[in-house]
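Chemist: See my_file_10.cif below, with mmCIF, C-alpha atoms and all ligand atoms.
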```
data_target
#
loop_
_atom_site.label_atom_id
_atom_site.label_comp_id
_atom_site.auth_asym_id
_atom_site.auth_seq_id
_atom_site.Cartn_x
_atom_site.Cartn_y
_atom_site.Cartn_z
CA MET Q 1 49.07 6.77 12.02
CA ASP Q 2 45.66 7.33 13.68
CA HIS Q 3 44.47 3.76 13.00
CA GLU Q 4 45.68 0.68 11.13
CA THR Q 5 42.39 0.42 9.23
CA ILE Q 6 39.54 2.84 8.56
CA ILE Q 7 36.21 1.46 7.35
CA ILE Q 8 33.82 3.83 5.58
CA GLY Q 9 30.20 2.97 6.48
CA ALA Q 10 28.59 1.33 9.53
CA GLY Q 11 26.13 -0.98 7.79
CA VAL Q 12 26.27 -4.73 8.20
CA ALA Q 13 29.24 -4.97 5.79
CA GLY Q 14 31.44 -2.41 7.59
CA LEU Q 15 30.39 -3.42 11.11
CA GLY Q 16 30.95 -7.14 10.46
CA ILE Q 17 34.42 -6.66 9.00
CA GLY Q 18 35.32 -4.11 11.69
CA TRP Q 19 34.19 -6.38 14.51
CA GLN Q 20 36.17 -9.35 13.21
CA LEU Q 21 39.32 -7.24 12.72
CA ALA Q 22 39.03 -5.63 16.17
CA GLU Q 23 38.48 -9.08 17.75
CA ARG Q 24 41.81 -10.13 16.27
CA GLY Q 25 43.62 -7.17 17.74
CA MET Q 26 43.69 -4.70 14.86
CA ASP Q 27 43.28 -0.99 15.56
CA VAL Q 28 40.16 -0.14 13.51
CA ALA Q 29 37.89 2.88 13.18
CA ILE Q 30 34.51 2.80 11.45
CA VAL Q 31 33.43 6.20 10.15
CA GLU Q 32 29.69 6.61 9.59
CA ARG Q 33 28.05 9.64 7.99
CA ASP Q 34 24.85 9.27 9.97
CA THR Q 35 24.22 6.69 12.75
CA VAL Q 36 25.01 2.95 12.74
CA GLY Q 37 22.77 0.97 10.43
CA SER Q 38 21.03 4.04 9.00
CA GLY Q 39 21.58 2.90 5.38
CA ALA Q 40 20.08 -0.27 3.90
CA SER Q 41 20.88 -2.43 6.90
CA THR Q 42 18.09 -1.44 9.29
CA ALA Q 43 15.65 -1.02 6.39
CA ALA Q 44 15.88 -4.75 5.63
CA ALA Q 45 13.46 -7.52 6.59
CA GLY Q 46 16.24 -9.82 7.76
CA MET Q 47 15.37 -12.89 5.74
CA LEU Q 48 18.17 -15.39 5.25
CA ALA Q 49 16.63 -16.96 2.21
CA PRO Q 50 18.96 -18.25 -0.51
CA VAL Q 51 16.62 -21.13 -1.38
CA SER Q 52 13.31 -19.28 -1.55
CA GLU Q 53 14.96 -16.31 -3.31
CA VAL Q 54 16.98 -18.37 -5.78
CA GLU Q 55 17.34 -16.67 -9.17
CA PHE Q 56 18.10 -18.55 -12.38
CA GLU Q 57 21.72 -18.28 -13.63
CA GLU Q 58 23.23 -16.76 -10.50
CA ASP Q 59 25.24 -19.78 -9.41
CA ASP Q 60 28.32 -18.00 -7.98
CA ARG Q 61 26.15 -15.73 -5.92
CA LEU Q 62 24.07 -18.64 -4.65
CA GLU Q 63 27.26 -20.45 -3.63
CA LEU Q 64 28.34 -17.41 -1.60
CA GLU Q 65 24.89 -17.08 -0.01
CA LEU Q 66 24.78 -20.76 0.96
CA ALA Q 67 28.27 -20.51 2.46
CA SER Q 68 27.05 -17.57 4.54
CA LEU Q 69 23.86 -19.33 5.62
CA GLU Q 70 25.98 -22.25 6.78
CA MET Q 71 28.02 -19.89 8.98
CA TYR Q 72 24.98 -18.13 10.46
CA ALA Q 73 24.30 -20.20 13.59
CA ASP Q 74 27.95 -19.98 14.78
CA PHE Q 75 28.20 -16.34 13.81
CA VAL Q 76 25.08 -15.47 15.80
CA ALA Q 77 26.28 -17.45 18.84
CA GLU Q 78 29.65 -15.66 18.77
CA LEU Q 79 28.01 -12.28 18.24
CA GLU Q 80 25.40 -12.66 20.97
CA GLU Q 81 28.12 -13.75 23.39
CA ALA Q 82 30.38 -10.84 22.42
CA SER Q 83 27.63 -8.19 22.53
CA GLY Q 84 25.03 -9.42 25.01
CA VAL Q 85 22.36 -8.62 22.35
CA ASP Q 86 19.79 -11.20 21.17
CA VAL Q 87 19.46 -10.86 17.38
CA ASP Q 88 16.17 -12.82 17.12
CA TYR Q 89 17.63 -15.60 14.95
CA GLN Q 90 14.58 -17.72 14.02
CA THR Q 91 14.94 -21.10 12.36
CA THR Q 92 11.32 -21.97 11.56
CA GLY Q 93 11.87 -21.96 7.78
CA THR Q 94 10.09 -20.14 4.97
CA ILE Q 95 6.84 -20.98 3.17
CA ILE Q 96 6.32 -19.88 -0.44
CA VAL Q 97 2.68 -19.85 -1.51
CA ALA Q 98 0.92 -19.62 -4.86
CA ILE Q 99 -2.48 -17.96 -4.99
CA ASP Q 100 -3.12 -17.45 -8.70
CA ARG Q 101 -2.16 -19.45 -11.73
CA ASP Q 102 0.97 -17.42 -12.59
CA GLU Q 103 2.28 -17.97 -9.07
CA ALA Q 104 1.48 -21.69 -9.21
CA GLU Q 105 3.52 -22.00 -12.41
CA ALA Q 106 6.35 -19.92 -10.99
CA LEU Q 107 6.34 -22.13 -7.88
CA ASP Q 108 6.60 -25.23 -10.06
CA ARG Q 109 9.52 -23.80 -12.01
CA ILE Q 110 11.39 -22.84 -8.82
CA HIS Q 111 10.80 -26.25 -7.31
CA ARG Q 112 12.24 -27.96 -10.41
CA TYR Q 113 15.25 -25.62 -10.19
CA HIS Q 114 15.68 -26.45 -6.50
CA ASP Q 115 15.75 -30.14 -7.41
CA GLU Q 116 18.30 -29.53 -10.15
CA LEU Q 117 20.58 -27.68 -7.72
CA GLY Q 118 20.03 -30.14 -4.85
CA LEU Q 119 18.43 -27.47 -2.60
CA GLU Q 120 16.03 -28.63 0.09
CA ALA Q 121 12.42 -27.56 -0.56
CA HIS Q 122 9.25 -29.60 -0.05
CA GLY Q 123 6.13 -29.21 -2.14
CA MET Q 124 2.88 -28.96 -0.15
CA THR Q 125 -0.79 -29.30 -1.07
CA PRO Q 126 -3.00 -26.40 0.12
CA ASP Q 127 -4.10 -28.51 3.12
CA GLU Q 128 -0.53 -29.41 4.05
CA ALA Q 129 0.52 -25.78 3.79
CA ARG Q 130 -2.37 -24.63 5.98
CA GLU Q 131 -1.62 -27.32 8.50
CA ARG Q 132 1.95 -26.02 8.79
CA GLU Q 133 0.81 -22.38 8.81
CA PRO Q 134 -2.87 -21.95 9.77
CA GLY Q 135 -2.73 -18.23 9.00
CA LEU Q 136 -2.51 -18.89 5.23
CA SER Q 137 -5.41 -17.96 2.98
CA PRO Q 138 -7.92 -20.71 2.11
CA ASN Q 139 -7.44 -19.60 -1.52
CA ILE Q 140 -3.87 -20.81 -1.90
CA ARG Q 141 -3.25 -23.31 -4.69
CA GLY Q 142 -0.14 -24.86 -3.20
CA GLY Q 143 3.04 -24.17 -1.30
CA LEU Q 144 6.70 -24.93 -0.91
CA PHE Q 145 8.43 -25.29 2.44
CA CYS Q 146 12.10 -24.23 2.57
CA PRO Q 147 13.25 -25.49 6.00
CA GLY Q 148 16.74 -23.97 5.79
CA ASP Q 149 15.68 -20.36 5.05
CA HIS Q 150 15.78 -18.50 8.35
CA GLN Q 151 15.58 -14.90 9.59
CA VAL Q 152 17.09 -12.38 12.02
CA ASP Q 153 16.05 -8.93 13.18
CA PRO Q 154 18.39 -6.66 11.20
CA GLY Q 155 18.05 -3.77 13.69
CA ARG Q 156 19.27 -6.01 16.48
CA LEU Q 157 22.00 -7.48 14.27
CA VAL Q 158 23.34 -3.98 13.66
CA ASP Q 159 23.16 -3.10 17.40
CA ALA Q 160 24.91 -6.34 18.31
CA MET Q 161 27.75 -5.81 15.85
CA ALA Q 162 28.23 -2.18 16.93
CA GLN Q 163 28.42 -3.26 20.59
CA ALA Q 164 30.73 -6.19 19.86
CA PHE Q 165 32.98 -3.94 17.77
CA GLU Q 166 33.34 -1.35 20.53
CA ARG Q 167 33.78 -4.00 23.23
CA ALA Q 168 36.62 -5.47 21.15
CA GLY Q 169 38.34 -2.06 21.23
CA GLY Q 170 37.13 -0.61 17.90
CA THR Q 171 36.49 3.12 17.45
CA LEU Q 172 33.07 4.08 16.11
CA VAL Q 173 32.81 7.61 14.71
CA GLU Q 174 29.21 8.58 13.88
CA GLU Q 175 27.90 11.71 12.14
CA ALA Q 176 31.16 12.04 10.24
CA GLU Q 177 31.06 11.90 6.45
CA VAL Q 178 34.11 10.75 4.55
CA GLU Q 179 34.53 13.12 1.64
CA ARG Q 180 37.60 11.55 0.04
CA VAL Q 181 40.10 8.76 0.31
CA GLU Q 182 43.63 10.14 0.43
CA THR Q 183 46.38 8.38 -1.49
CA GLU Q 184 50.04 9.02 -2.25
CA TYR Q 185 52.10 7.13 -4.85
CA ASP Q 186 49.22 4.67 -5.35
CA SER Q 187 49.03 3.83 -1.65
CA VAL Q 188 46.24 4.68 0.77
CA GLU Q 189 47.09 7.34 3.38
CA GLY Q 190 43.71 7.76 5.11
CA VAL Q 191 40.52 9.75 4.64
CA GLU Q 192 39.38 13.36 4.72
CA LEU Q 193 36.06 14.15 6.40
CA ALA Q 194 33.50 16.65 5.13
CA GLY Q 195 34.60 19.19 7.77
CA GLY Q 196 38.22 18.98 6.52
CA GLU Q 197 39.53 16.79 9.36
CA ARG Q 198 41.98 14.05 8.32
CA MET Q 199 42.29 10.55 9.70
CA THR Q 200 45.31 8.48 8.70
CA ALA Q 201 45.45 4.71 8.14
CA SER Q 202 47.40 2.31 5.95
CA LYS Q 203 44.22 0.49 4.93
CA VAL Q 204 40.81 1.87 3.99
CA VAL Q 205 37.77 -0.36 3.41
CA VAL Q 206 34.96 1.21 1.39
CA ALA Q 207 31.68 -0.26 2.72
CA ALA Q 208 29.45 2.71 1.94
CA GLY Q 209 26.61 0.74 0.32
CA ALA Q 210 24.59 2.53 -2.36
CA TRP Q 211 26.52 5.77 -1.70
CA THR Q 212 29.91 4.24 -2.64
CA PRO Q 213 30.29 6.12 -5.96
CA ASP Q 214 30.04 9.51 -4.15
CA ILE Q 215 33.37 9.05 -2.39
CA GLU Q 216 36.00 11.27 -3.97
CA GLY Q 217 39.77 11.17 -4.29
CA LEU Q 218 40.18 7.99 -6.33
CA PRO Q 219 40.81 7.66 -10.08
CA ASP Q 220 37.80 6.88 -12.30
CA GLY Q 221 36.94 3.19 -12.45
CA VAL Q 222 38.39 2.28 -9.04
CA LEU Q 223 35.10 2.26 -7.13
CA PRO Q 224 32.38 -0.09 -8.39
CA HIS Q 225 29.32 1.29 -10.11
CA VAL Q 226 26.76 0.71 -7.34
CA ARG Q 227 23.25 2.10 -7.69
CA PRO Q 228 20.38 2.35 -5.19
CA VAL Q 229 17.48 -0.04 -5.84
CA ARG Q 230 14.75 1.28 -3.62
CA GLY Q 231 12.54 -0.93 -1.47
CA GLU Q 232 9.36 0.19 0.27
CA MET Q 233 8.46 -1.62 3.49
CA LEU Q 234 5.87 -1.55 6.24
CA GLU Q 235 5.20 -3.21 9.55
CA CYS Q 236 2.04 -4.27 11.41
CA ASP Q 237 1.27 -5.77 14.79
CA ARG Q 238 1.48 -9.56 14.79
CA GLY Q 239 -1.78 -9.91 16.71
CA ASP Q 240 -2.61 -12.10 19.69
CA PRO Q 241 -2.65 -14.93 18.77
CA SER Q 242 -0.18 -14.15 16.03
CA VAL Q 243 -1.69 -14.10 12.53
CA VAL Q 244 1.38 -15.86 11.11
CA ASP Q 245 4.35 -17.78 12.57
CA HIS Q 246 6.61 -18.45 9.58
CA VAL Q 247 8.15 -16.24 6.98
CA VAL Q 248 5.55 -16.41 4.20
CA ARG Q 249 6.10 -15.16 0.68
CA VAL Q 250 4.93 -15.42 -2.92
CA PRO Q 251 7.45 -16.64 -5.53
CA GLN Q 252 10.35 -14.20 -6.00
CA GLN Q 253 9.77 -14.25 -9.77
CA THR Q 254 6.22 -12.79 -9.58
CA ARG Q 255 5.22 -9.17 -9.04
CA PRO Q 256 4.52 -7.69 -6.59
CA ASN Q 257 7.07 -9.79 -4.76
CA VAL Q 258 5.60 -9.69 -1.25
CA TYR Q 259 6.73 -11.38 1.95
CA LEU Q 260 5.73 -11.31 5.63
CA ALA Q 261 8.42 -11.80 8.29
CA PRO Q 262 7.05 -12.14 11.86
CA LYS Q 263 9.47 -10.94 14.56
CA SER Q 264 9.60 -12.08 18.20
CA ASP Q 265 8.89 -8.57 19.49
CA GLY Q 266 5.34 -8.61 18.11
CA ARG Q 267 5.83 -7.04 14.66
CA ILE Q 268 5.30 -8.42 11.17
CA VAL Q 269 7.60 -6.83 8.62
CA VAL Q 270 6.09 -6.74 5.13
CA GLY Q 271 8.21 -6.07 2.05
CA ALA Q 272 9.28 -5.19 -0.49
CA THR Q 273 8.98 -3.20 -3.67
CA SER Q 274 11.93 -2.92 -6.04
CA GLU Q 275 12.23 0.43 -7.78
CA GLU Q 276 14.72 2.51 -9.74
CA ARG Q 277 13.94 5.94 -8.24
CA GLY Q 278 17.33 7.16 -7.02
CA PHE Q 279 17.45 8.18 -3.35
CA ASP Q 280 13.79 9.21 -3.01
CA THR Q 281 12.96 8.40 0.64
CA THR Q 282 9.17 8.89 0.62
CA PRO Q 283 6.99 5.77 0.24
CA THR Q 284 4.31 5.89 -2.47
CA ALA Q 285 0.60 5.13 -2.13
CA GLY Q 286 0.95 2.54 -4.90
CA GLY Q 287 3.90 0.77 -3.28
CA ILE Q 288 2.23 0.52 0.12
CA TYR Q 289 -1.04 -0.57 -1.50
CA GLU Q 290 0.72 -3.39 -3.39
CA LEU Q 291 2.43 -4.58 -0.19
CA LEU Q 292 -0.77 -4.57 1.84
CA ARG Q 293 -2.75 -6.24 -0.91
CA GLY Q 294 -0.06 -8.89 -1.42
CA ALA Q 295 0.24 -9.58 2.33
CA TRP Q 296 -3.54 -9.80 2.74
CA ARG Q 297 -3.88 -12.24 -0.22
CA ALA Q 298 -1.46 -14.65 1.46
CA VAL Q 299 -2.39 -14.05 5.11
CA PRO Q 300 -5.87 -12.49 5.35
CA GLY Q 301 -5.67 -12.07 9.13
CA ILE Q 302 -3.31 -9.13 8.68
CA TYR Q 303 -6.32 -7.02 7.62
CA ASP Q 304 -7.29 -6.21 11.22
CA GLU Q 305 -3.81 -5.57 12.61
CA HIS Q 306 -2.48 -2.09 13.35
CA LEU Q 307 -0.29 -0.59 10.67
CA LEU Q 308 2.74 0.67 12.64
CA ARG Q 309 5.16 2.22 10.18
CA THR Q 310 6.23 2.53 6.55
CA TRP Q 311 9.76 3.25 5.27
CA THR Q 312 12.12 2.96 2.32
CA GLY Q 313 15.66 1.66 1.94
CA PHE Q 314 18.30 1.50 -0.78
CA ARG Q 315 19.83 -1.82 -1.79
CA PRO Q 316 23.40 -1.42 -3.08
CA VAL Q 317 23.30 -3.11 -6.49
CA THR Q 318 26.16 -3.52 -8.99
CA LEU Q 319 25.90 -3.78 -12.78
CA ASP Q 320 26.19 -7.58 -12.74
CA ASN Q 321 24.28 -8.01 -9.46
CA ARG Q 322 27.32 -9.51 -7.67
CA PRO Q 323 28.98 -8.16 -4.54
CA VAL Q 324 32.51 -6.75 -4.82
CA LEU Q 325 34.74 -8.01 -2.02
CA GLY Q 326 38.49 -7.61 -1.78
CA PRO Q 327 41.55 -5.43 -2.43
CA VAL Q 328 41.93 -3.03 -5.35
CA ASP Q 329 45.09 -4.04 -7.22
CA SER Q 330 46.00 -0.56 -8.44
CA ILE Q 331 45.93 1.14 -4.99
CA ASP Q 332 47.83 -0.41 -2.13
CA GLY Q 333 45.74 -0.62 1.05
CA LEU Q 334 42.35 0.05 -0.60
CA TRP Q 335 39.61 -2.55 -0.05
CA ILE Q 336 36.00 -2.76 -1.19
CA ALA Q 337 33.05 -4.56 0.44
CA THR Q 338 29.74 -3.63 -1.13
CA GLY Q 339 27.16 -4.52 -3.78
CA HIS Q 340 25.26 -7.13 -1.73
CA GLY Q 341 21.98 -6.02 -3.26
CA ARG Q 342 18.91 -7.69 -1.81
CA ASN Q 343 20.81 -10.25 0.31
CA GLY Q 344 23.33 -8.31 2.39
CA ILE Q 345 21.93 -9.46 5.74
CA LEU Q 346 22.24 -13.05 4.57
CA MET Q 347 25.80 -12.43 3.38
CA THR Q 348 26.94 -10.72 6.61
CA PRO Q 349 28.86 -13.68 8.13
CA VAL Q 350 30.75 -14.59 4.97
CA THR Q 351 31.58 -10.93 4.27
CA ALA Q 352 32.77 -10.31 7.84
CA ARG Q 353 34.84 -13.46 8.14
CA ALA Q 354 36.33 -13.78 4.67
CA VAL Q 355 37.17 -10.10 4.08
CA SER Q 356 38.70 -9.71 7.55
CA GLU Q 357 40.76 -12.85 7.01
CA ALA Q 358 42.00 -11.52 3.67
CA ILE Q 359 42.96 -8.19 5.29
CA LEU Q 360 44.79 -9.93 8.14
CA THR Q 361 46.60 -12.60 6.11
CA GLY Q 362 46.98 -10.92 2.71
CA SER Q 363 45.49 -13.92 0.91
CA MET Q 364 41.93 -14.21 -0.37
CA PRO Q 365 39.84 -17.09 1.03
CA ASP Q 366 38.46 -19.23 -1.83
CA VAL Q 367 34.86 -18.44 -0.90
CA ILE Q 368 35.20 -14.77 -1.97
CA ALA Q 369 37.94 -15.13 -4.63
CA LYS Q 370 35.40 -14.86 -7.48
CA PHE Q 371 34.11 -11.54 -6.12
CA ALA Q 372 37.40 -9.62 -6.10
CA PRO Q 373 37.23 -6.16 -7.68
CA ASN Q 374 37.96 -6.47 -11.40
CA GLU Q 375 37.07 -4.72 -14.64
CA ASP Q 376 33.71 -6.49 -14.94
CA SER Q 377 32.53 -5.33 -11.53
CA LEU Q 378 33.61 -1.69 -11.90
C1 LIG B 401 13.81 -2.76 1.72
C2 LIG B 401 14.97 -3.70 1.86
C3 LIG B 401 14.76 -4.99 2.30
C4 LIG B 401 15.85 -5.87 2.43
N1 LIG B 401 15.63 -7.12 2.93
C5 LIG B 401 16.68 -7.96 3.06
C6 LIG B 401 16.50 -9.24 3.61
O1 LIG B 401 15.40 -9.62 4.01
N2 LIG B 401 17.57 -10.09 3.68
C7 LIG B 401 18.81 -9.70 3.26
O2 LIG B 401 19.75 -10.51 3.32
N3 LIG B 401 19.03 -8.45 2.78
C8 LIG B 401 17.99 -7.58 2.66
N4 LIG B 401 18.19 -6.34 2.14
C9 LIG B 401 19.52 -5.98 1.64
C10 LIG B 401 20.45 -5.52 2.76
O3 LIG B 401 19.76 -4.62 3.59
C11 LIG B 401 21.69 -4.85 2.16
O4 LIG B 401 22.29 -5.67 1.17
C12 LIG B 401 22.74 -4.60 3.24
O5 LIG B 401 22.15 -3.98 4.36
C13 LIG B 401 23.85 -3.73 2.70
O6 LIG B 401 24.70 -3.43 3.78
P1 LIG B 401 25.89 -2.41 3.61
O7 LIG B 401 26.61 -2.34 4.89
O8 LIG B 401 26.67 -2.75 2.38
O9 LIG B 401 25.17 -1.02 3.25
P2 LIG B 401 24.38 0.01 4.18
O10 LIG B 401 23.62 -0.66 5.25
O11 LIG B 401 23.65 0.91 3.26
O12 LIG B 401 25.55 0.78 4.91
C14 LIG B 401 26.36 1.73 4.27
C15 LIG B 401 26.62 2.83 5.30
O13 LIG B 401 27.60 3.71 4.78
C16 LIG B 401 27.28 5.02 5.23
N5 LIG B 401 27.95 5.95 4.32
C17 LIG B 401 27.71 6.16 3.01
N6 LIG B 401 28.56 7.07 2.50
C18 LIG B 401 29.38 7.44 3.53
C19 LIG B 401 30.45 8.36 3.64
N7 LIG B 401 30.86 9.08 2.58
N8 LIG B 401 31.05 8.53 4.84
C20 LIG B 401 30.64 7.80 5.93
N9 LIG B 401 29.62 6.92 5.88
C21 LIG B 401 29.00 6.75 4.69
C22 LIG B 401 25.77 5.07 5.12
O14 LIG B 401 25.23 6.10 5.93
C23 LIG B 401 25.37 3.68 5.57
O15 LIG B 401 25.10 3.62 6.98
C24 LIG B 401 17.15 -5.43 2.05
C25 LIG B 401 17.34 -4.13 1.63
C26 LIG B 401 16.27 -3.26 1.53
C27 LIG B 401 16.51 -1.84 1.10
#
```
Just give me the structure as structure tokens.
Modeler:
Amino acid sequence: MDHETIIIGAGVAGLGIGWQLAERGMDVAIVERDTVGSGASTAAAGMLAPVSEVEFEEDDRLELELASLEMYADFVAELEEASGVDVDYQTTGTIIVAIDRDEAEALDRIHRYHDELGLEAHGMTPDEAREREPGLSPNIRGGLFCPGDHQVDPGRLVDAMAQAFERAGGTLVEEAEVERVETEYDSVEGVELAGGERMTASKVVVAAGAWTPDIEGLPDGVLPHVRPVRGEMLECDRGDPSVVDHVVRVPQQTRPNVYLAPKSDGRIVVGATSEERGFDTTPTAGGIYELLRGAWRAVPGIYDEHLLRTWTGFRPVTLDNRPVLGPVDSIDGLWIATGHGRNGILMTPVTARAVSEAILTGSMPDVIAKFAPNEDSL
């Protein structure tokens, strides 16, 4: 056996699980088609925002997100210690603002929903909002402060997990595409790479994000139906003094759904569109226009800052918008960890800890039990 476990994909899902398994002494290899984090994970903004991004009727998902948020501070401390990399974990909270009437009504509805669910969010008058965040537009009609919604730098999170994984003895294989999962008598045997090379293992974890359905070798219906939901993003200089100090966003339920996430290294990340366009990697004029317009409406000072970069990324989204986490009953040794959609950075700690625990002990922690692969998710 080459390894005890092979993980397909070095995004936050695969790296987190791999790091936790390697820390506990398992012989693990992560096989990545490109370079670490090159999928959705480094395309993300890094918001940890279950309260400001709450969606109606997604209670199970919210429960999982809140469990993950609760783990974040410890997870970051352990990761920074293990890797020596600072992941820019910022705990200044998130401000949601309303500029027009639609947004003001959406803000009201979300706030009532927060109250119903017992989530902490404080309504603010325009003056109170501008006192907390002077960079906000004088045109805002009101705001909501979500003190528990934090952020990290996803690029650094990926680097940290890759370093921690290798320091714990894990094997990282980059620029190696898994073509198929090999099985015999309904048990996993390993994987075959695009060049024909084989790697054996008694467990294989599929964490290939939006590309999961392309993996061959398994019967129909075993891998979940994950599709890419494209997001366009851009980043600007933060300015000196910084034009904004908190994560600022408009209500999730309005379009375009724009946010600004200031990072400690002097950038402001602005996102994100949400588009069904397959794996088209080129940003559009319209998408970038909407982001810039939305960012400028909320924080006018961004107008004068340098535009540094634009990019796209592909959120791995399932049919019912829930992640799929756990073992596949019909194939011994096959595990799935994908479908985190727009909140995979937020769900990194719970995915890493709970899936690795399930692999090591053979029993599913309660927190992920509802997300096990089943007919509804496939
Ligand atoms: C624009 C944008 C903004 C986002 N913002 C946020 C945010 O603010 N907060 C948040 O919580 N989440 C955010 N997300 C969501 C988050 O980025 C994802 O949910 C998360 O990164 C998914 O991680 P993953 O490891 O499952 O997938 P990925 O990061 O896509 O990793 C999968 C990896 O598998 C590799 N792979 C695929 N097929 C194979 C194969 N056959 N062989 C070997 N390797 C393979 C890929 O190259 C890739 O590196 C955002 C996403 C996007 C696109």
Chemist: Return as a ChimeraX atom specification the residues of protein, DNA or RNA that approach ligand LIG 401 (chain B) to within 7 Å, with all atoms listed in the file taken into account.
Modeler: /Q:8-14,31-48,176-179,207-212,214-215,230-233,271-272,312-316,337-347
Chemist: Mind giving me the straight-line distance from CA of Leu291 in chain Q to CA of Leu308 in chain Q in Å, one decimal?
Modeler: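 Between these atoms lies a distance of 13.9 Å.
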Chemist: Calculated over only C-alpha atoms, which of the candidates Q:Glu182, Q:Ser83, Q:Ala29, Q:Pro213 has the smallest distance to Arg198 in chain Q?
Modeler: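 For Arg198 in chain Q, the nearest of the candidates is Q:Glu182.
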Chemist: Contacts of range 146-151 of chain Q at 9 Å or less, counting only C-alpha atoms, minus same-chain residues fewer than 2 places along, as JSON, numbers by chain?
Modeler: {"Q": [45, 46, 47, 48, 49, 50, 51, 52, 69, 88, 89, 90, 91, 92, 93, 94, 95, 96, 119, 120, 121, 122, 144, 153, 154, 247, 261, 263, 346]}
Chemist: What's the separation between CA of Gly142 in chain Q and CA of Val97 in chain Q, in Å to one decimal place?
Modeler: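 Between CA of Gly142 in chain Q and CA of Val97 in chain Q the gap is 6.0 Å.
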Chemist: Just give me the gap between CA of Gln20 in chain Q and CA of Pro219 in chain Q in Å, one decimal is fine.
Modeler: 29.2 Å
Chemist: I'd like the contact shell of range 235-242 of chain Q - 7 Å cut-off, all atoms listed in the file, skipping same-chain residues fewer than 5 positions apart - returned as a list in words.
Modeler: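 Residues meeting the cut-off are Pro262, Gly266, Arg267, Ile268, Val269, Val270, Glu305, His306, Leu307, Leu308, Arg309 and Thr310 of chain Q.
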Chemist: How would the residues just picked look written out with C-alpha atoms as a compact mmCIF listing (two decimals), keeping the file's coordinate frame?
Modeler:
```
# COMPACT_ATOMS: atom_id res chain seq x y z
CA PRO Q 262 7.05 -12.14 11.86
CA GLY Q 266 5.34 -8.61 18.11
CA ARG Q 267 5.83 -7.04 14.66
CA ILE Q 268 5.30 -8.42 11.17
CA VAL Q 269 7.60 -6.83 8.62
CA VAL Q 270 6.09 -6.74 5.13
CA GLU Q 305 -3.81 -5.57 12.61
CA HIS Q 306 -2.48 -2.09 13.35
CA LEU Q 307 -0.29 -0.59 10.67
CA LEU Q 308 2.74 0.67 12.64
CA ARG Q 309 5.16 2.22 10.18
CA THR Q 310 6.23 2.53 6.55
```
Chemist: Which one is closest to Asp59 in chain Q: Q:Asp108, Q:Val250, Q:Leu21, Q:Tyr113? Count all atoms listed in the file.
Modeler: Q:Tyr113
Chemist: From the list Q:Val152, Q:Leu218, Q:Ala104, Q:Val76, which residue is nearest Leu334 in chain Q when using all atoms listed in the file?
Modeler: Q:Leu218
Chemist: (26.6, -10.6, 20.5) in this file's frame - what residues fall within 12 Å of it? Use all atoms listed in the file and give the answer as a short mmCIF file (atom, residue, chain, number, x, y, z; two decimals) with C-alpha atoms, in the frame of the given file.
Modeler:
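Contents of point-v4.cif, freshly written:
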```cif
data_model
loop_
_atom_site.label_atom_id
_atom_site.label_comp_id
_atom_site.auth_asym_id
_atom_site.auth_seq_id
_atom_site.Cartn_x
_atom_site.Cartn_y
_atom_site.Cartn_z
CA GLY Q 16 30.95 -7.14 10.46
CA TRP Q 19 34.19 -6.38 14.51
CA ASP Q 74 27.95 -19.98 14.78
CA PHE Q 75 28.20 -16.34 13.81
CA VAL Q 76 25.08 -15.47 15.80
CA ALA Q 77 26.28 -17.45 18.84
CA GLU Q 78 29.65 -15.66 18.77
CA LEU Q 79 28.01 -12.28 18.24
CA GLU Q 80 25.40 -12.66 20.97
CA GLU Q 81 28.12 -13.75 23.39
CA ALA Q 82 30.38 -10.84 22.42
CA SER Q 83 27.63 -8.19 22.53
CA GLY Q 84 25.03 -9.42 25.01
CA VAL Q 85 22.36 -8.62 22.35
CA ASP Q 86 19.79 -11.20 21.17
CA VAL Q 87 19.46 -10.86 17.38
CA ASP Q 88 16.17 -12.82 17.12
CA TYR Q 89 17.63 -15.60 14.95
CA ARG Q 156 19.27 -6.01 16.48
CA LEU Q 157 22.00 -7.48 14.27
CA VAL Q 158 23.34 -3.98 13.66
CA ASP Q 159 23.16 -3.10 17.40
CA ALA Q 160 24.91 -6.34 18.31
CA MET Q 161 27.75 -5.81 15.85
CA ALA Q 162 28.23 -2.18 16.93
CA GLN Q 163 28.42 -3.26 20.59
CA ALA Q 164 30.73 -6.19 19.86
CA PHE Q 165 32.98 -3.94 17.77
CA GLU Q 166 33.34 -1.35 20.53
CA ARG Q 167 33.78 -4.00 23.23
CA ALA Q 168 36.62 -5.47 21.15
#
```
Chemist: Reconstruct N, CA and C atoms of range 298-302 of chain Q; output as a JSON list (two decimals), in the coordinates of the input.
Modeler:
```json
[["chain", "number", "residue", "atom", "x", "y", "z"],
["Q", 298, "ALA", "N", -2.10, -13.44, 0.93],
["Q", 298, "ALA", "CA", -1.46, -14.65, 1.46],
["Q", 298, "ALA", "C", -1.92, -14.95, 2.88],
["Q", 299, "VAL", "N", -2.06, -13.89, 3.69],
["Q", 299, "VAL", "CA", -2.39, -14.05, 5.11],
["Q", 299, "VAL", "C", -3.51, -13.07, 5.44],
["Q", 300, "PRO", "N", -4.77, -13.45, 5.22],
["Q", 300, "PRO", "CA", -5.87, -12.49, 5.35],
["Q", 300, "PRO", "C", -5.98, -11.86, 6.73],
["Q", 301, "GLY", "N", -5.53, -12.58, 7.76],
["Q", 301, "GLY", "CA", -5.67, -12.07, 9.13],
["Q", 301, "GLY", "C", -4.95, -10.75, 9.38],
["Q", 302, "ILE", "N", -4.06, -10.38, 8.47],
["Q", 302, "ILE", "CA", -3.31, -9.13, 8.68],
["Q", 302, "ILE", "C", -4.23, -7.91, 8.54]]
```
